[in-house]
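Engineer: Got a structure for you, questions after.
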Number of protein chains: 2
Amino acid sequence: MKILRSNKAYLNCVERSEVQKLWRQKLMENGFFHNPPAEVVPVQASLGRVTARSVYAKQSVPHYNGAAMDGIAVWAQDTFGAQETDPKCLTLLPPAKTFGSGCCYMVDTGDVLPDGTNAVVMIEDVHIRGNMAEIIAAAAPWQHVRIIGEDIVANEMVIPEHHEIAPVDIAALLAAGIEDVEVVQRPKVTIIPTGDELVASRGELKPGTILDVNSHMLAAAIQEWRGEAVRSAIVKDDRQAIKQAILASLQGNDMVIINAGTSAGRDDYTVDVLSELGEVFVHGVAIKPGKPVVMAVCQGKPVIGLPGYPVAAMLTAELFVRDILFARQKLPRPEAATVEASLVKQVPSTVGVEEYIRVSLGNVQGKMVAAPLSRGAGLISSLTKAQGSISIAAISSGLSAGTAVPVVLLRKGKPANTLLAVGSHDLALELLGVFLRRRMENVSLSCANVGSMGGIMAIRNNEAHLAGVHLLEADTGLYNTPYVEKFLPDGNWRLIHLAMRLQGLMVMPGNPKVITGLSDLTRDDVSFINRQRGSGTRMLLDYQLRKLGIRPEQIAGYEKEVGTHMAVAASVLAGAADAGLGVQAAAQALGLDFIPVSPEQYDLILNFTGEDERLYQIMDVLLSEEFRSEVESLGGYDLSNAGKLIAAGPNLRLNECGTRGE
Amino acid sequence: MKILRSNKAYLNCVERSEVQKLWRQKLMENGFFHNPPAEVVPVQASLGRVTARSVYAKQSVPHYNGAAMDGIAVWAQDTFGAQETDPKCLTLLPPAKTFGSGCCYMVDTGDVLPDGTNAVVMIEDVHIRGNMAEIIAAAAPWQHVRIIGEDIVANEMVIPEHHEIAPVDIAALLAAGIEDVEVVQRPKVTIIPTGDELVASRGELKPGTILDVNSHMLAAAIQEWRGEAVRSAIVKDDRQAIKQAILASLQGNDMVIINAGTSAGRDDYTVDVLSELGEVFVHGVAIKPGKPVVMAVCQGKPVIGLPGYPVAAMLTAELFVRDILFARQKLPRPEAATVEASLVKQVPSTVGVEEYIRVSLGNVQGKMVAAPLSRGAGLISSLTKAQGSISIAAISSGLSAGTAVPVVLLRKGKPANTLLAVGSHDLALELLGVFLRRRMENVSLSCANVGSMGGIMAIRNNEAHLAGVHLLEADTGLYNTPYVEKFLPDGNWRLIHLAMRLQGLMVMPGNPKVITGLSDLTRDDVSFINRQRGSGTRMLLDYQLRKLGIRPEQIAGYEKEVGTHMAVAASVLAGAADAGLGVQAAAQALGLDFIPVSPEQYDLILNFTGEDERLYQIMDVLLSEEFRSEVESLGGYDLSNAGKLIAAGPNLRLNECGTRGE
């Protein structure tokens, strides 16, 4: 990425908190937060808006003196001395009649209190005989009367300035006679996507170009932050074009975002153009990802250049755009909910930059754990998988496994209901997640694909709820059992069978290289793509190669590793390799040809305490016909024994080793 | 309220949690939560929507093998053995040329990897000499290459079923080639306002009628809960009309809300009509407010009748509408944020019903306290003032002062920044709140008007941040100081002068009864409206009456108490009384005539620990010209000594008794 080249100096690469302070201060000096423009909207359409000034009642609530009970309206003084044994008798008049001493009127709740009365006697305490009412207890003046302004008094403040309007406020405003309300305008933010390589639609996409997705992501974020986003057309890497786009965007908008600075020289254009148009005061922030941020004020308005990689663009928008939009709208800064979690693995970090790392979160055996996701700034999938984010201070060289860290939550809902699947990858796991979501509210499954051995280690450290495993012991030909018995001497785990599945070589449709089995991998004209060390597939390959007497060095591409069956399939489809070992389902998903090598046993280690509802739901799914047939339709699966208990941890062996599903 | 008449039996008056369970179960049986209808929306417009089913990638990301660095693309095997002292030389070709062994190409980040290359060497590690490139270190195959599908593999799941779409998900969907996404439809909810007394607009409002505000409040709530609300026209209390309205609303909607059942017989209509149209299974819930709830399923759809008083309507909507709307949309149930707080006063409760009480919240001297608001189900103002809600179990007869209770937060933002003003009411306090909000983010002022003595007691118990006081000691003619010294022997309080203000009699414009002073209150044709016991105004009245030798019994209306100056003014304006004692500002606000009685000293007790920023901000406001002139413009105020320190608590007397403002 050219703007990150080590030989290129930034104007000043400052600490994040300093940058935020400077940014706020510059915007304050330029009046960004002071008296933001207001607009008038009907009260009915004001939900979530912020009052621009205090609102005062135009009428009292209630606006008349009314009966607060069903009964008779009286002049209280007429009832003084009334008792059960010595009732007072009053003449019952229709309300139209003028009131006279010794008279009363029948009223219902909400009725206007007739002139000359000042209290209501409940109907239960009155005996009506013809046109006479017998009162058996004295009424206090004003009893059971709802007087004018009891709730809201005319000219009183109903809602203060800079208050976010909730449904109940709409009721209060309308009741107080207010029909329109002056609210703070939503800030208008233009996003300018820049880059020669960017295209706007799938139709224009070809190798070497990329789809502009950032401008849509940023527009949605601004919408979520209550602003109004405008996306401009894509601008090429051309100084004049960028200048024109910024100038045009400054008209009628409150803020401009330029995205990005990822191709050669563009960053310079942006900085140069912004220096011409106003003052650039930040160029480079000491964070990772997200270093190449440019901040300026042009024509008194904030202009910010965000980096091009999606993860970096989103993070810097959260750090430098969100809060100022809230502050301008006089909305409370959204409180980031945090949970404390234990890191499942070591996270190294570069000293001198503050690092932000996205994580999956789950409550395993009563302990909240955070599993760091891949850190690549370009990995959009890490954004969608992330449930939380941790930051590592600039002075730290990293955090060790087991460190308790505060995790900022990125999604709504309780992270406690996330199931962490760490281990071998299988397409059936994703389907298991879908089926669980249908059964349990607010449950999600987060998969970290680290191979079977990684899964066993995660279970051992109570860092995962489940692990997919398919580990073959070469000597015995047994799957999984020897490994769990060796590596999991303690704990509450259960080893449950999921499926028999077919592993084989995936090759281009039509098998142009005429590959018939593993022996063909040694051919000079055949390139291979491998799975990572510790994965069951890698172990199966090595086992089969040993049987055939083939050494790794004989295979071109043996050293190129990817992390999932689908990634192997994609590499083959893209021509990056001629063959790769994986499950039939992956080949079928991408329309590749498949040469069977070996069936294998794929099991799940489930790590739950005794009565965890999630355990029973997983068992239920495994035993359901619907799930079984959906997985089998992926190709190469046999689920006839799915859900069968194979082994269990020592804590479970003696007592309730079974599950409700059996 | 007729439907709450003690002699009327409910079908069954059940516990709230039982009702919620039954309601959910009935709706489940009727398929309300199962496979809700879906609709297709463009991905760009899908923010906050929920996927109806899992979404799979249409293309891989990246969709081509590309350079991940600026440098030269090589066949890695050609570089094996390269060292600083023994570089490998490759021929640099333009990318169009066919690749041959010993050749390489210049590539920029993002460029397509030329055919036949499988690695990128960083530009820093290459010496270019003419058309030759000198490589000084061996390249590993696939180094610095971003391979197809590294981020997302075609046909892989991008977003699972029933997932709320965030900005980052929009990026992932678009990157994966998805342009439209199937999302769960927003539930359509019709609200039918019913009642002979209801009018739709202010123009139609007259004594005995009330504005329909509930339907707007409920519509806003449903919008907040992601539904689509439709408000039907107001329906009269007529059985046929109600039946027609329900039948019409069942067409094309997913749920019907009928509001309300507050006038005689209407409740019966609703229940009878619903029994005709379907099954009524709840009629009456053991909660307060909110008992008269009717629940039914008609034509397989939920129909609910909510009570008419706004506080009850909102509470029952929160209890019985919100969660089922979220569940239908497969959204996680919103987690109610709670804080623990200490109750500032005793809260009695009826055994047999679960009571919900709205409260103000504030952090006083490091302790979170909750001040219960007026409980009237009709008090809309209590809804707008409430920051939290507590519930008291049906088996409890109430909670004593000081009880630690969990408070469910009703507003966004930290409650810790709420300033609790408990004490005497003054219009200047509301302005103080407005001025503070302009200076400090996320600060609000919540006023509980309990009179001066109530304010002193609240400070004593650390239940308030500030208290307005105007207490005259009859013997000495001194204001406030004798009381704070007597009742506040401990603590960090400061007594700060706010204003001299004029108290007097408020009378109808033109003074039709020709009232010239307090002596006229004893006249037979003059009625009075009083302030509550413990208020400074009541004490001033009693002091002045004693001086004049007038006994309370001589004054008609002495026993009718209201809680604020504005409420006194409103009562006079409404003709409920001929005169009331209060500040000139209140008379001026409602256009009443004012007969001065006495000036008085109005001070603030401020209760903050040493360096609390809020203390300094309050002092700053009091000393500001802007605040002083705005208060003085209300009428009858003199703020020339505002901000002057009069006395301080013993903890402050010895050391830093002053404030930054002095």
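All residue names refer to the structure tokens as shown: chains lettered A, B, ... in order, residues numbered from 1 in each chain, ligands numbered from 1 in order.
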I'd like to know which residues of segment 516-557 of chain A are alpha helix (DSSP H) (by DSSP, run on the backbone); could you write them as a count of residues only?
Structural biologist: 13
Engineer: Considering only C-alpha atoms, return as an MDAnalysis selection string whatever protein or nucleic-acid residues lie within 9 Å of Gly149 of chain A, sequence-local ones (same chain, fewer than 2 positions apart) excluded.
Structural biologist: (chainID A and resid 59:65 146:147 151:154) or (chainID B and resid 566:567 570:571 574)
Engineer: Would you mind telling me which residue in B:Pro42, B:Gly549, B:Pro372, B:Gly177 lies nearest to chain A when using only C-alpha atoms?
Structural biologist: B:Gly177
Engineer: Skipping near chain neighbours, those fewer than 2 positions away, what residues fall within 10 Å of Ala260 of chain A using only C-alpha atoms, listed as a PyMOL selection string?
Structural biologist: chain A and resi 192-195+214-215+257-258+262-263+266-267+270+292-294+304-310+313
Engineer: Would you mind exporting the chosen residues as a short mmCIF file (atom, residue, chain, number, x, y, z; two decimals), in the first residue's frame, restricted to N, CA and C atoms?
Structural biologist:
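The resulting file, again08.cif, is reproduced below:
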data_model
loop_
_atom_site.label_atom_id
_atom_site.label_comp_id
_atom_site.auth_asym_id
_atom_site.auth_seq_id
_atom_site.Cartn_x
_atom_site.Cartn_y
_atom_site.Cartn_z
N ILE A 192 -16.81 10.98 -0.60
CA ILE A 192 -16.23 10.96 -1.96
C ILE A 192 -15.34 9.74 -2.10
N PRO A 193 -15.77 8.72 -2.86
CA PRO A 193 -14.89 7.57 -3.09
C PRO A 193 -13.88 7.94 -4.18
N THR A 194 -12.61 7.69 -3.91
CA THR A 194 -11.59 8.02 -4.93
C THR A 194 -10.76 6.79 -5.25
N GLY A 195 -10.25 6.71 -6.46
CA GLY A 195 -9.34 5.64 -6.83
C GLY A 195 -9.57 5.14 -8.24
N ASN A 214 -16.83 0.68 0.38
CA ASN A 214 -16.62 1.56 1.54
C ASN A 214 -17.63 2.69 1.62
N SER A 215 -17.93 3.31 0.46
CA SER A 215 -18.81 4.49 0.52
C SER A 215 -20.19 4.08 1.01
N ILE A 257 -16.11 13.53 3.67
CA ILE A 257 -15.20 12.40 3.89
C ILE A 257 -14.61 11.99 2.55
N ILE A 258 -13.30 11.91 2.48
CA ILE A 258 -12.64 11.43 1.26
C ILE A 258 -12.10 10.04 1.55
N THR A 262 -5.21 4.93 -1.04
CA THR A 262 -4.49 3.66 -1.12
C THR A 262 -3.67 3.48 -2.37
N SER A 263 -3.79 4.34 -3.35
CA SER A 263 -2.94 4.12 -4.52
C SER A 263 -1.93 5.26 -4.64
N ARG A 266 -2.05 9.35 -4.46
CA ARG A 266 -3.36 9.93 -4.17
C ARG A 266 -3.35 10.67 -2.84
N ASP A 267 -2.67 10.07 -1.90
CA ASP A 267 -2.59 10.66 -0.58
C ASP A 267 -2.02 12.07 -0.66
N THR A 270 -4.56 14.49 -2.02
CA THR A 270 -5.54 14.88 -1.01
C THR A 270 -4.97 15.93 -0.08
N PRO A 292 -3.14 6.12 7.87
CA PRO A 292 -3.18 7.25 6.93
C PRO A 292 -4.48 8.05 6.98
N VAL A 293 -4.67 8.79 8.06
CA VAL A 293 -5.85 9.66 8.19
C VAL A 293 -5.40 11.10 7.97
N VAL A 294 -6.18 11.85 7.21
CA VAL A 294 -5.89 13.26 6.98
C VAL A 294 -7.05 14.08 7.51
N ILE A 304 -12.27 15.09 6.16
CA ILE A 304 -11.41 14.03 6.67
C ILE A 304 -11.17 13.00 5.58
N GLY A 305 -9.90 12.61 5.44
CA GLY A 305 -9.55 11.54 4.52
C GLY A 305 -9.36 10.26 5.31
N LEU A 306 -10.13 9.22 4.98
CA LEU A 306 -10.04 7.95 5.70
C LEU A 306 -9.32 6.93 4.83
N PRO A 307 -8.62 5.97 5.46
CA PRO A 307 -7.89 4.97 4.69
C PRO A 307 -8.83 4.07 3.89
N GLY A 308 -8.23 3.39 2.91
CA GLY A 308 -9.05 2.64 1.95
C GLY A 308 -9.43 1.23 2.35
N TYR A 309 -8.62 0.57 3.14
CA TYR A 309 -8.97 -0.78 3.54
C TYR A 309 -10.20 -0.73 4.44
N PRO A 310 -11.16 -1.60 4.18
CA PRO A 310 -12.45 -1.49 4.88
C PRO A 310 -12.34 -1.50 6.41
N ALA A 313 -11.02 1.83 7.38
CA ALA A 313 -12.00 2.89 7.12
C ALA A 313 -13.06 2.91 8.23
#
Engineer: Go ahead and compute the interatomic distance for atom CA of His162 of chain B and atom CA of Leu315 of chain A, in Å to one decimal.
Structural biologist: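 Separation between atom CA of His162 of chain B and atom CA of Leu315 of chain A: 25.1 Å.
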Engineer: Extract, using only C-alpha atoms, all DNA, RNA and protein residues at most 10 Å from Asn35 of chain B, discarding same-chain residues fewer than 6 positions from it, and format them as a ChimeraX atom specification.
Structural biologist: /A:438 /B:52-53,184,328-330
Engineer: How about saving the chosen residues, N, CA, C and O atoms kept, as a PDB file, in the first residue's frame?
Structural biologist:
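Here's the written file selection-v4.pdb:
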ATOM      1  N   ARG A 438     -32.539 -20.762  14.791  1.00  0.00           N
ATOM      2  CA  ARG A 438     -33.989 -20.932  14.621  1.00  0.00           C
ATOM      3  C   ARG A 438     -34.642 -21.424  15.899  1.00  0.00           C
ATOM      4  O   ARG A 438     -35.820 -21.228  16.125  1.00  0.00           O
TER       5      ARG A 438
ATOM      6  N   ALA B  52     -33.800 -12.601   6.298  1.00  0.00           N
ATOM      7  CA  ALA B  52     -34.838 -13.621   6.385  1.00  0.00           C
ATOM      8  C   ALA B  52     -34.231 -15.009   6.237  1.00  0.00           C
ATOM      9  O   ALA B  52     -34.750 -15.985   6.765  1.00  0.00           O
ATOM     10  N   ARG B  53     -33.134 -15.098   5.498  1.00  0.00           N
ATOM     11  CA  ARG B  53     -32.401 -16.374   5.421  1.00  0.00           C
ATOM     12  C   ARG B  53     -30.920 -16.095   5.207  1.00  0.00           C
ATOM     13  O   ARG B  53     -30.532 -14.962   4.914  1.00  0.00           O
ATOM     14  N   VAL B 184     -36.662  -9.735   6.827  1.00  0.00           N
ATOM     15  CA  VAL B 184     -37.948  -9.918   7.494  1.00  0.00           C
ATOM     16  C   VAL B 184     -38.737  -8.606   7.380  1.00  0.00           C
ATOM     17  O   VAL B 184     -38.188  -7.531   7.590  1.00  0.00           O
ATOM     18  N   ARG B 328     -40.839 -11.339  16.765  1.00  0.00           N
ATOM     19  CA  ARG B 328     -41.313 -11.631  15.414  1.00  0.00           C
ATOM     20  C   ARG B 328     -40.266 -11.257  14.375  1.00  0.00           C
ATOM     21  O   ARG B 328     -40.121 -11.899  13.345  1.00  0.00           O
ATOM     22  N   GLN B 329     -39.546 -10.178  14.657  1.00  0.00           N
ATOM     23  CA  GLN B 329     -38.529  -9.725  13.701  1.00  0.00           C
ATOM     24  C   GLN B 329     -37.190 -10.437  13.897  1.00  0.00           C
ATOM     25  O   GLN B 329     -36.205 -10.093  13.261  1.00  0.00           O
ATOM     26  N   LYS B 330     -37.160 -11.406  14.815  1.00  0.00           N
ATOM     27  CA  LYS B 330     -35.932 -12.167  15.086  1.00  0.00           C
ATOM     28  C   LYS B 330     -34.810 -11.254  15.565  1.00  0.00           C
ATOM     29  O   LYS B 330     -33.636 -11.512  15.321  1.00  0.00           O
TER      30      LYS B 330
END
